[in-house]
>>> print(open('coords.txt').read())   # compact mmCIF, C-alpha atoms
# COMPACT_ATOMS: atom_id res chain seq x y z
CA MET H 6 3.09 7.10 -14.53
CA ASN H 7 0.77 8.76 -17.01
CA ARG H 8 -1.72 11.33 -15.93
CA SER H 9 -5.06 9.63 -15.50
CA GLN H 10 -7.56 10.23 -18.28
CA TYR H 11 -10.26 8.53 -16.24
CA ALA H 12 -12.86 10.65 -14.48
CA VAL H 13 -12.17 10.61 -10.74
CA LYS H 14 -15.19 10.56 -8.44
CA LEU H 15 -15.50 10.47 -4.65
CA THR H 16 -18.00 8.66 -2.49
CA ASP H 17 -19.71 10.73 0.19
CA THR H 18 -17.38 9.10 2.72
CA ALA H 19 -14.29 10.07 0.74
CA GLU H 20 -15.70 13.56 0.15
CA ALA H 21 -16.19 14.07 3.89
CA ALA H 22 -12.58 13.03 4.55
CA TYR H 23 -11.32 15.27 1.74
CA CYS H 24 -13.25 18.27 3.08
CA GLU H 25 -12.06 17.55 6.62
CA LEU H 26 -8.47 17.48 5.43
CA TYR H 27 -9.02 20.73 3.53
CA ILE H 28 -10.39 22.40 6.67
CA ARG H 29 -7.55 21.07 8.84
CA VAL H 30 -5.03 22.48 6.37
CA GLU H 31 -6.86 25.82 6.31
CA GLN H 32 -6.79 25.89 10.11
CA GLY H 33 -3.08 25.09 10.09
CA VAL H 34 -3.62 21.88 12.05
CA GLN H 35 -2.27 19.74 9.21
CA PRO H 36 0.54 20.63 6.80
CA SER H 37 -0.61 21.80 3.37
CA ALA H 38 1.84 19.30 1.89
CA ASP H 39 -0.55 16.51 2.92
CA LEU H 40 -3.36 17.98 0.83
CA GLN H 41 -1.02 18.73 -2.06
CA ALA H 42 0.29 15.18 -2.04
CA LEU H 43 -3.24 13.77 -1.96
CA ASP H 44 -4.37 16.05 -4.80
CA GLU H 45 -1.38 15.04 -6.86
CA ALA H 46 -2.05 11.37 -6.23
CA LEU H 47 -5.74 11.74 -7.14
CA ASP H 48 -4.80 13.51 -10.36
CA ASN H 49 -2.33 10.80 -11.30
CA LEU H 50 -4.06 7.57 -10.42
CA PRO H 51 -2.55 4.80 -12.53
CA THR H 52 -4.97 3.24 -14.97
CA THR H 53 -2.75 1.04 -17.11
CA ALA H 54 -2.59 -2.59 -16.02
CA ASN H 55 1.14 -2.54 -15.24
CA ASP H 56 0.90 0.52 -13.02
CA ARG H 57 -1.93 -0.84 -10.93
CA LYS H 58 -0.17 -1.50 -7.68
CA PHE H 59 -1.39 -2.53 -4.27
CA GLN H 60 -4.50 -4.28 -5.36
CA LEU H 61 -6.42 -5.66 -2.42
CA ALA H 62 -6.81 -9.41 -2.09
CA GLY H 63 -9.72 -11.83 -2.30
CA LYS H 64 -13.17 -10.42 -2.86
CA PHE H 65 -11.73 -6.91 -2.75
CA SER H 66 -9.48 -7.50 -5.76
CA ALA H 67 -11.31 -4.79 -7.72
CA VAL H 68 -10.05 -2.25 -5.20
CA TYR H 69 -6.62 -0.64 -4.99
CA ARG H 70 -4.99 1.12 -2.05
CA GLN H 71 -2.35 3.82 -2.00
CA LYS H 72 -0.50 5.37 0.89
CA ILE H 73 0.44 9.01 0.60
CA GLY H 74 2.39 10.38 3.55
CA THR H 75 0.13 10.12 6.58
CA LEU H 76 -2.93 9.13 4.55
CA ALA H 77 -4.23 6.05 2.78
CA PHE H 78 -7.01 5.84 0.25
CA THR H 79 -8.77 3.09 -1.64
CA TYR H 80 -10.28 3.27 -5.10
CA LYS H 81 -12.11 1.19 -7.67
CA ILE H 82 -11.28 1.39 -11.35
CA SER H 83 -14.00 0.93 -13.93
CA ASP H 84 -12.49 0.44 -17.39
CA PRO H 85 -15.80 0.34 -19.29
CA THR H 86 -16.87 3.72 -17.94
CA GLU H 87 -13.28 5.03 -17.75
CA SER H 88 -13.84 6.21 -14.22
CA ILE H 89 -12.22 5.80 -10.84
CA ILE H 90 -14.21 5.96 -7.64
CA VAL H 91 -12.30 6.84 -4.49
CA VAL H 92 -13.98 4.71 -1.83
CA GLU H 93 -12.49 6.35 1.26
CA ILE H 94 -9.59 8.43 2.54
CA SER H 95 -8.20 7.70 6.01
CA PRO H 96 -5.34 8.76 8.23
CA LEU H 97 -2.78 6.04 8.71
CA THR H 98 -2.18 4.78 12.20
CA VAL H 99 1.06 6.01 13.73
CA SER H 100 2.59 2.56 13.49
CA GLU H 101 1.87 2.40 9.76
CA GLY H 102 2.68 5.89 8.70
CA ARG H 103 4.97 8.00 10.79
CA ALA H 104 6.41 5.73 13.45
CA HIS H 105 9.89 5.90 11.97
CA VAL H 106 9.62 9.67 11.48
CA LEU H 107 8.50 10.20 15.07
CA PHE H 108 11.21 7.91 16.35
CA ASN H 109 13.85 9.84 14.43
CA GLN H 110 12.49 13.11 15.81
CA ILE H 111 12.63 11.79 19.37
CA VAL H 112 16.14 10.38 19.29
CA THR H 113 17.61 13.47 17.63
CA GLN H 114 16.16 15.89 20.18
CA PRO H 115 18.68 17.44 22.62
CA LYS H 116 16.36 16.42 25.45
CA PHE H 117 16.86 12.80 24.48
CA LYS H 118 20.62 13.23 24.94
CA GLU H 119 20.05 14.96 28.27
CA ALA H 120 17.79 12.17 29.45
CA ARG H 121 20.40 9.63 28.41
CA ALA H 122 23.05 11.52 30.36
CA VAL H 123 20.82 11.66 33.45
CA LEU H 124 20.18 7.94 33.21
CA GLY H 125 23.87 7.30 32.72
CA ILE H 126 23.45 5.48 29.43
CA PRO H 127 26.61 5.76 27.31
CA GLU H 128 25.92 6.92 23.75
CA LYS H 129 27.34 3.79 22.12
CA GLU H 130 24.85 1.59 23.98
CA SER H 131 21.82 3.67 23.19
CA ILE H 132 19.46 3.16 20.32
CA GLY H 133 20.38 5.86 17.86
CA VAL H 134 19.22 6.73 14.39
CA GLY H 135 21.98 4.60 12.95
CA ASP H 136 20.53 1.56 14.69
CA LEU H 137 17.08 2.16 13.32
CA THR H 138 16.03 -0.83 11.28
CA VAL H 139 12.46 0.23 10.62
CA GLY H 140 12.28 1.42 7.02
CA PRO H 141 9.97 4.01 5.58
CA PRO H 142 6.41 2.96 4.71
CA ILE H 143 5.86 1.51 1.25
CA ASN H 144 4.09 4.07 -0.88
CA MET S 27 -15.67 -24.80 1.27
CA THR S 28 -17.09 -28.10 0.06
CA GLY S 29 -16.11 -30.01 3.18
CA VAL S 30 -14.31 -32.60 1.03
CA GLN S 31 -10.58 -32.58 1.64
CA TYR S 32 -7.74 -34.56 0.11
CA ALA S 33 -5.70 -36.18 2.85
CA GLY S 34 -2.85 -37.69 0.81
CA PRO S 35 0.56 -36.20 0.01
CA TYR S 36 0.65 -33.40 -2.55
CA ILE S 37 3.24 -33.48 -5.29
CA ASP S 38 3.70 -30.32 -7.29
CA GLU S 39 4.85 -31.46 -10.72
CA LYS S 40 6.37 -28.06 -11.44
CA VAL S 41 8.81 -28.23 -8.54
CA GLU S 42 12.02 -30.15 -9.14
CA HIS S 43 14.73 -30.82 -6.58
CA VAL S 44 18.02 -30.76 -8.43
CA GLY S 45 21.74 -30.66 -7.78
CA VAL S 46 23.94 -27.61 -8.33
CA THR S 47 25.25 -29.10 -11.56
CA ARG S 48 21.81 -28.59 -13.14
CA LEU S 49 22.55 -24.85 -13.21
CA ARG S 50 25.19 -25.48 -15.88
CA SER S 51 22.54 -26.74 -18.28
CA LEU S 52 20.57 -23.50 -18.10
CA ASN S 53 20.84 -21.02 -20.94
CA VAL S 54 18.94 -18.03 -22.33
CA SER S 55 16.52 -20.05 -24.41
CA ASN S 56 15.45 -22.51 -21.73
CA LEU S 57 15.31 -19.79 -19.06
CA ARG S 58 13.03 -17.75 -21.33
CA ASP S 59 10.49 -20.60 -21.46
CA PHE S 60 11.12 -21.67 -17.90
CA ASP S 61 7.87 -22.64 -16.19
CA LYS S 62 9.18 -24.76 -13.31
CA THR S 63 10.53 -24.08 -9.87
CA LEU S 64 13.92 -25.59 -9.15
CA VAL S 65 15.04 -26.27 -5.62
CA ILE S 66 18.81 -26.31 -5.91
CA GLN S 67 20.36 -28.54 -3.32
CA ASP S 68 23.68 -29.91 -2.25
CA ASN S 69 23.15 -33.54 -1.39
CA ASP S 70 19.88 -33.29 0.55
CA LYS S 71 20.28 -29.73 1.77
CA PRO S 72 18.21 -27.13 -0.13
CA LEU S 73 20.36 -24.09 -0.94
CA ALA S 74 18.37 -21.91 -3.31
CA VAL S 75 15.22 -21.68 -5.36
CA LEU S 76 15.14 -20.77 -9.03
CA LEU S 77 11.95 -19.61 -10.64
CA ALA S 78 10.90 -17.46 -13.58
CA TYR S 79 11.06 -13.70 -13.09
CA ASP S 80 7.39 -13.27 -14.00
CA GLN S 81 6.45 -15.92 -11.48
CA PHE S 82 8.40 -14.10 -8.78
CA LEU S 83 6.67 -10.81 -9.66
CA ALA S 84 3.27 -12.52 -9.50
CA MET S 85 4.12 -13.91 -6.05
CA GLN S 86 5.35 -10.51 -4.90
CA LYS S 87 2.17 -8.83 -6.16
CA GLN S 88 0.04 -11.40 -4.37
CA LEU S 89 1.95 -10.88 -1.13
CA LEU S 90 1.64 -7.09 -1.38
CA SER S 91 -2.09 -7.45 -2.04
CA VAL S 92 -2.55 -9.52 1.08
CA LEU S 93 -0.43 -7.10 3.13
CA ALA S 94 -2.37 -4.07 1.85
CA THR S 95 -5.67 -5.78 2.65
CA LEU S 96 -4.49 -6.83 6.08
CA GLU S 97 -3.15 -3.38 6.82
CA MET S 98 -6.40 -1.74 5.80
CA PHE S 99 -8.59 -4.01 7.88
CA THR S 100 -6.38 -3.74 10.95
CA ASN S 101 -6.82 0.04 10.91
CA GLY S 102 -10.29 0.23 12.48
CA GLU S 103 -11.11 3.69 11.17
CA GLU S 104 -10.09 2.80 7.63
CA ALA S 105 -12.05 -0.45 7.69
CA ASP S 106 -15.19 1.37 8.86
CA LYS S 107 -14.79 4.06 6.24
CA PHE S 108 -14.20 1.44 3.56
CA GLN S 109 -17.49 -0.26 4.41
CA ALA S 110 -19.27 3.09 4.40
CA GLY S 111 -17.66 3.97 1.05
CA ILE S 112 -18.80 0.71 -0.53
CA GLY S 113 -22.30 1.48 0.78
CA ASP S 114 -22.09 4.91 -0.87
CA ILE S 115 -21.21 3.34 -4.21
CA GLU S 116 -24.12 0.91 -3.98
CA ALA S 117 -26.48 3.77 -3.13
CA GLY S 118 -25.06 5.99 -5.90
CA ARG S 119 -23.71 8.55 -3.46
CA ILE S 120 -20.74 9.65 -5.57
CA LYS S 121 -19.70 12.91 -7.18
CA PRO S 122 -16.86 14.08 -9.42
CA LEU S 123 -13.65 15.17 -7.71
CA ALA S 124 -13.73 18.43 -9.67
CA GLU S 125 -17.12 19.21 -8.17
CA VAL S 126 -15.85 18.50 -4.64
CA ARG S 127 -12.82 20.73 -5.19
CA ALA S 128 -14.97 23.54 -6.57
CA SER S 129 -17.30 23.19 -3.61
CA VAL S 130 -14.57 23.48 -0.95
CA LYS S 131 -13.04 26.45 -2.73
CA SER S 132 -16.37 28.28 -3.00
CA GLN S 133 -17.06 27.62 0.69
CA LYS S 134 -13.66 29.08 1.50
CA LYS S 135 -14.47 32.23 -0.52
CA ALA S 136 -17.90 32.53 1.12
CA SER S 137 -16.40 32.30 4.61
CA LYS S 138 -13.98 35.21 3.93
>>> encode(input="coords.txt", output="structure tokens")
Amino acid sequence: MNRSQYAVKLTDTAEAAYCELYIRVEQGVQPSADLQALDEALDNLPTTANDRKFQLAGKFSAVYRQKIGTLAFTYKISDPTESIIVVEISPLTVSEGRAHVLFNQIVTQPKFKEARAVLGIPEKESIGVGDLTVGPPIN
Amino acid sequence: MTGVQYAGPYIDEKVEHVGVTRLRSLNVSNLRDFDKTLVIQDNDKPLAVLLAYDQFLAMQKQLLSVLATLEMFTNGEEADKFQAGIGDIEAGRIKPLAEVRASVKSQKKASK
């Protein structure tokens, strides 16, 4: 993917979300990796036709959507003005973004094993990481 | 919607139901110009579908587009923000990313 030569702009809505994320990272509420990943994605938005993935459907076909870790953002590409407008930035719902990560964290905790022992569930019958069929989100 | 609907059977001229032996007739040159969809079947039982690679990619892209759209609009917060963002564009409420980054960094310095 080539580095975008198009000017990237944010709507007020996207700016508010960006600033909120920045503050959350500063406060240590959210990992700095989330902001880094978003910045990297915004600096490398694909502009060539072949790289334009995850175009929305129907009357939103001029809009593209990317998922970066726990966030998703949508953007419009204007070829005549060589600019990209980020429409909004949103946190993904747990089911979209981190469900599989959270599930892995739960089942690998010692407390999970303890709980299983208390309930008398043999390990081979339990749902372990190896049984996990939910794949990672498509980025 | 016009309200006028065709009620008869639909026959797609680009879809052919063929036997497995048809595969033997395929070669590089006719696969390169292949613009049909073949339903390969054994007697009357469909076994596989053959279509051009580009056609498959177009279908995949279309499916991903629909999924991305569906996913976005089923996340209430994202759908609301999307509408607000479109409103911002229409009202000209946009600014360069570089300006936003500079602004958050200067606010950080000022707060120290």
>>> interface_residues(input="coords.txt", of="chain H", to="chain S", cutoff="10 Å", atoms="all atoms listed in the file", output="compact mmCIF listing (two decimals) with C-alpha atoms, in the coordinates of the input")
# COMPACT_ATOMS: atom_id res chain seq x y z
CA ALA H 12 -12.86 10.65 -14.48
CA VAL H 13 -12.17 10.61 -10.74
CA LYS H 14 -15.19 10.56 -8.44
CA LEU H 15 -15.50 10.47 -4.65
CA THR H 16 -18.00 8.66 -2.49
CA ASP H 17 -19.71 10.73 0.19
CA THR H 18 -17.38 9.10 2.72
CA ALA H 19 -14.29 10.07 0.74
CA GLU H 20 -15.70 13.56 0.15
CA ALA H 21 -16.19 14.07 3.89
CA ALA H 22 -12.58 13.03 4.55
CA TYR H 23 -11.32 15.27 1.74
CA CYS H 24 -13.25 18.27 3.08
CA GLU H 25 -12.06 17.55 6.62
CA TYR H 27 -9.02 20.73 3.53
CA ILE H 28 -10.39 22.40 6.67
CA GLU H 31 -6.86 25.82 6.31
CA ASP H 44 -4.37 16.05 -4.80
CA LEU H 47 -5.74 11.74 -7.14
CA ASP H 48 -4.80 13.51 -10.36
CA LYS H 58 -0.17 -1.50 -7.68
CA PHE H 59 -1.39 -2.53 -4.27
CA GLN H 60 -4.50 -4.28 -5.36
CA LEU H 61 -6.42 -5.66 -2.42
CA ALA H 62 -6.81 -9.41 -2.09
CA GLY H 63 -9.72 -11.83 -2.30
CA PHE H 65 -11.73 -6.91 -2.75
CA SER H 66 -9.48 -7.50 -5.76
CA VAL H 68 -10.05 -2.25 -5.20
CA TYR H 69 -6.62 -0.64 -4.99
CA ARG H 70 -4.99 1.12 -2.05
CA GLN H 71 -2.35 3.82 -2.00
CA LYS H 72 -0.50 5.37 0.89
CA ALA H 77 -4.23 6.05 2.78
CA PHE H 78 -7.01 5.84 0.25
CA THR H 79 -8.77 3.09 -1.64
CA TYR H 80 -10.28 3.27 -5.10
CA LYS H 81 -12.11 1.19 -7.67
CA SER H 88 -13.84 6.21 -14.22
CA ILE H 89 -12.22 5.80 -10.84
CA ILE H 90 -14.21 5.96 -7.64
CA VAL H 91 -12.30 6.84 -4.49
CA VAL H 92 -13.98 4.71 -1.83
CA GLU H 93 -12.49 6.35 1.26
CA ILE H 94 -9.59 8.43 2.54
CA SER H 95 -8.20 7.70 6.01
CA PRO H 96 -5.34 8.76 8.23
CA LEU H 97 -2.78 6.04 8.71
CA THR H 98 -2.18 4.78 12.20
CA GLU H 101 1.87 2.40 9.76
CA ILE H 143 5.86 1.51 1.25
>>> atom_distance(input="coords.txt", atom1="CA of Pro72 in chain S", atom2="CA of Thr47 in chain S")
13.6 Å
>>> atom_distance(input="coords.txt", atom1="CA of Ala78 in chain S", atom2="CA of Tyr32 in chain S")
28.8 Å
>>> atom_distance(input="coords.txt", atom1="CA of Leu50 in chain H", atom2="CA of Gly74 in chain H")
15.6 Å
>>> residues_near_point(input="coords.txt", point="(20.8, -21.9, -10.4)", cutoff="8 Å", atoms="all atoms listed in the file", output="ChimeraX atom specification")
/S:46,48-50,52,64,66,74-76
>>> axis_aligned_box(input="coords.txt", around="range 56-74 of chain S", padding_each_side="8 Å", output="AutoDock Vina command-line options")
--center_x 15.8 --center_y -25.6 --center_z -10.0 --size_x 31.8 --size_y 31.8 --size_z 39.5
>>> closest_residue(input="coords.txt", among="H:Thr75, H:Ser83, H:Gln10, H:Gln35", to="Asn49 in chain H", atoms="all atoms listed in the file")
H:Gln10
>>> build_atoms(input="coords.txt", residues="range 45-80 of chain S", atoms="N, CA and C atoms", output="compact mmCIF listing (two decimals), keeping the file's coordinate frame")
# COMPACT_ATOMS: atom_id res chain seq x y z
N GLY S 45 20.41 -30.97 -8.28
CA GLY S 45 21.74 -30.66 -7.78
C GLY S 45 22.28 -29.39 -8.42
N VAL S 46 23.35 -28.86 -7.84
CA VAL S 46 23.94 -27.61 -8.33
C VAL S 46 24.38 -27.73 -9.79
N THR S 47 24.76 -28.90 -10.19
CA THR S 47 25.25 -29.10 -11.56
C THR S 47 24.17 -28.80 -12.60
N ARG S 48 22.91 -28.88 -12.20
CA ARG S 48 21.81 -28.59 -13.14
C ARG S 48 21.87 -27.15 -13.64
N LEU S 49 22.45 -26.26 -12.82
CA LEU S 49 22.55 -24.85 -13.21
C LEU S 49 23.36 -24.68 -14.50
N ARG S 50 24.32 -25.59 -14.70
CA ARG S 50 25.19 -25.48 -15.88
C ARG S 50 24.41 -25.72 -17.17
N SER S 51 23.32 -26.42 -17.06
CA SER S 51 22.54 -26.74 -18.28
C SER S 51 21.59 -25.60 -18.66
N LEU S 52 21.51 -24.59 -17.81
CA LEU S 52 20.57 -23.50 -18.10
C LEU S 52 21.19 -22.48 -19.05
N ASN S 53 20.41 -22.07 -20.03
CA ASN S 53 20.84 -21.02 -20.94
C ASN S 53 19.68 -20.07 -21.24
N VAL S 54 19.95 -19.07 -22.07
CA VAL S 54 18.94 -18.03 -22.33
C VAL S 54 17.63 -18.63 -22.84
N SER S 55 17.76 -19.56 -23.80
CA SER S 55 16.52 -20.05 -24.41
C SER S 55 15.68 -20.87 -23.44
N ASN S 56 16.32 -21.74 -22.64
CA ASN S 56 15.45 -22.51 -21.73
C ASN S 56 15.03 -21.71 -20.49
N LEU S 57 15.77 -20.65 -20.17
CA LEU S 57 15.31 -19.79 -19.06
C LEU S 57 14.12 -18.94 -19.50
N ARG S 58 14.12 -18.59 -20.81
CA ARG S 58 13.03 -17.75 -21.33
C ARG S 58 11.69 -18.51 -21.23
N ASP S 59 11.72 -19.80 -21.49
CA ASP S 59 10.49 -20.60 -21.46
C ASP S 59 10.34 -21.36 -20.14
N PHE S 60 11.08 -20.94 -19.16
CA PHE S 60 11.12 -21.67 -17.90
C PHE S 60 9.79 -21.57 -17.15
N ASP S 61 9.16 -22.69 -16.90
CA ASP S 61 7.87 -22.64 -16.19
C ASP S 61 7.88 -23.52 -14.94
N LYS S 62 9.09 -23.91 -14.51
CA LYS S 62 9.18 -24.76 -13.31
C LYS S 62 9.84 -24.01 -12.17
N THR S 63 9.81 -24.62 -11.02
CA THR S 63 10.53 -24.08 -9.87
C THR S 63 11.60 -25.11 -9.51
N LEU S 64 12.84 -24.66 -9.50
CA LEU S 64 13.92 -25.59 -9.15
C LEU S 64 14.40 -25.32 -7.73
N VAL S 65 14.44 -26.37 -6.96
CA VAL S 65 15.04 -26.27 -5.62
C VAL S 65 16.46 -26.82 -5.78
N ILE S 66 17.41 -25.90 -5.71
CA ILE S 66 18.81 -26.31 -5.91
C ILE S 66 19.34 -26.81 -4.58
N GLN S 67 19.86 -28.01 -4.59
CA GLN S 67 20.36 -28.54 -3.32
C GLN S 67 21.71 -29.23 -3.45
N ASP S 68 22.39 -29.23 -2.32
CA ASP S 68 23.68 -29.91 -2.25
C ASP S 68 23.45 -31.14 -1.39
N ASN S 69 23.60 -32.29 -1.99
CA ASN S 69 23.15 -33.54 -1.39
C ASN S 69 21.67 -33.40 -1.03
N ASP S 70 21.30 -33.43 0.23
CA ASP S 70 19.88 -33.29 0.55
C ASP S 70 19.54 -31.93 1.13
N LYS S 71 20.53 -31.02 1.15
CA LYS S 71 20.28 -29.73 1.77
C LYS S 71 19.87 -28.67 0.73
N PRO S 72 18.63 -28.17 0.82
CA PRO S 72 18.21 -27.13 -0.13
C PRO S 72 19.02 -25.86 0.07
N LEU S 73 19.52 -25.28 -1.04
CA LEU S 73 20.36 -24.09 -0.94
C LEU S 73 19.71 -22.85 -1.54
N ALA S 74 18.96 -23.07 -2.63
CA ALA S 74 18.37 -21.91 -3.31
C ALA S 74 17.16 -22.36 -4.13
N VAL S 75 16.39 -21.39 -4.53
CA VAL S 75 15.22 -21.68 -5.36
C VAL S 75 15.32 -20.85 -6.63
N LEU S 76 15.10 -21.49 -7.76
CA LEU S 76 15.14 -20.77 -9.03
C LEU S 76 13.74 -20.81 -9.65
N LEU S 77 13.25 -19.66 -9.98
CA LEU S 77 11.95 -19.61 -10.64
C LEU S 77 11.93 -18.47 -11.64
N ALA S 78 10.96 -18.48 -12.54
CA ALA S 78 10.90 -17.46 -13.58
C ALA S 78 10.63 -16.09 -12.95
N TYR S 79 11.19 -15.08 -13.60
CA TYR S 79 11.06 -13.70 -13.09
C TYR S 79 9.59 -13.30 -12.98
N ASP S 80 8.81 -13.62 -14.01
CA ASP S 80 7.39 -13.27 -14.00
C ASP S 80 6.66 -13.95 -12.85
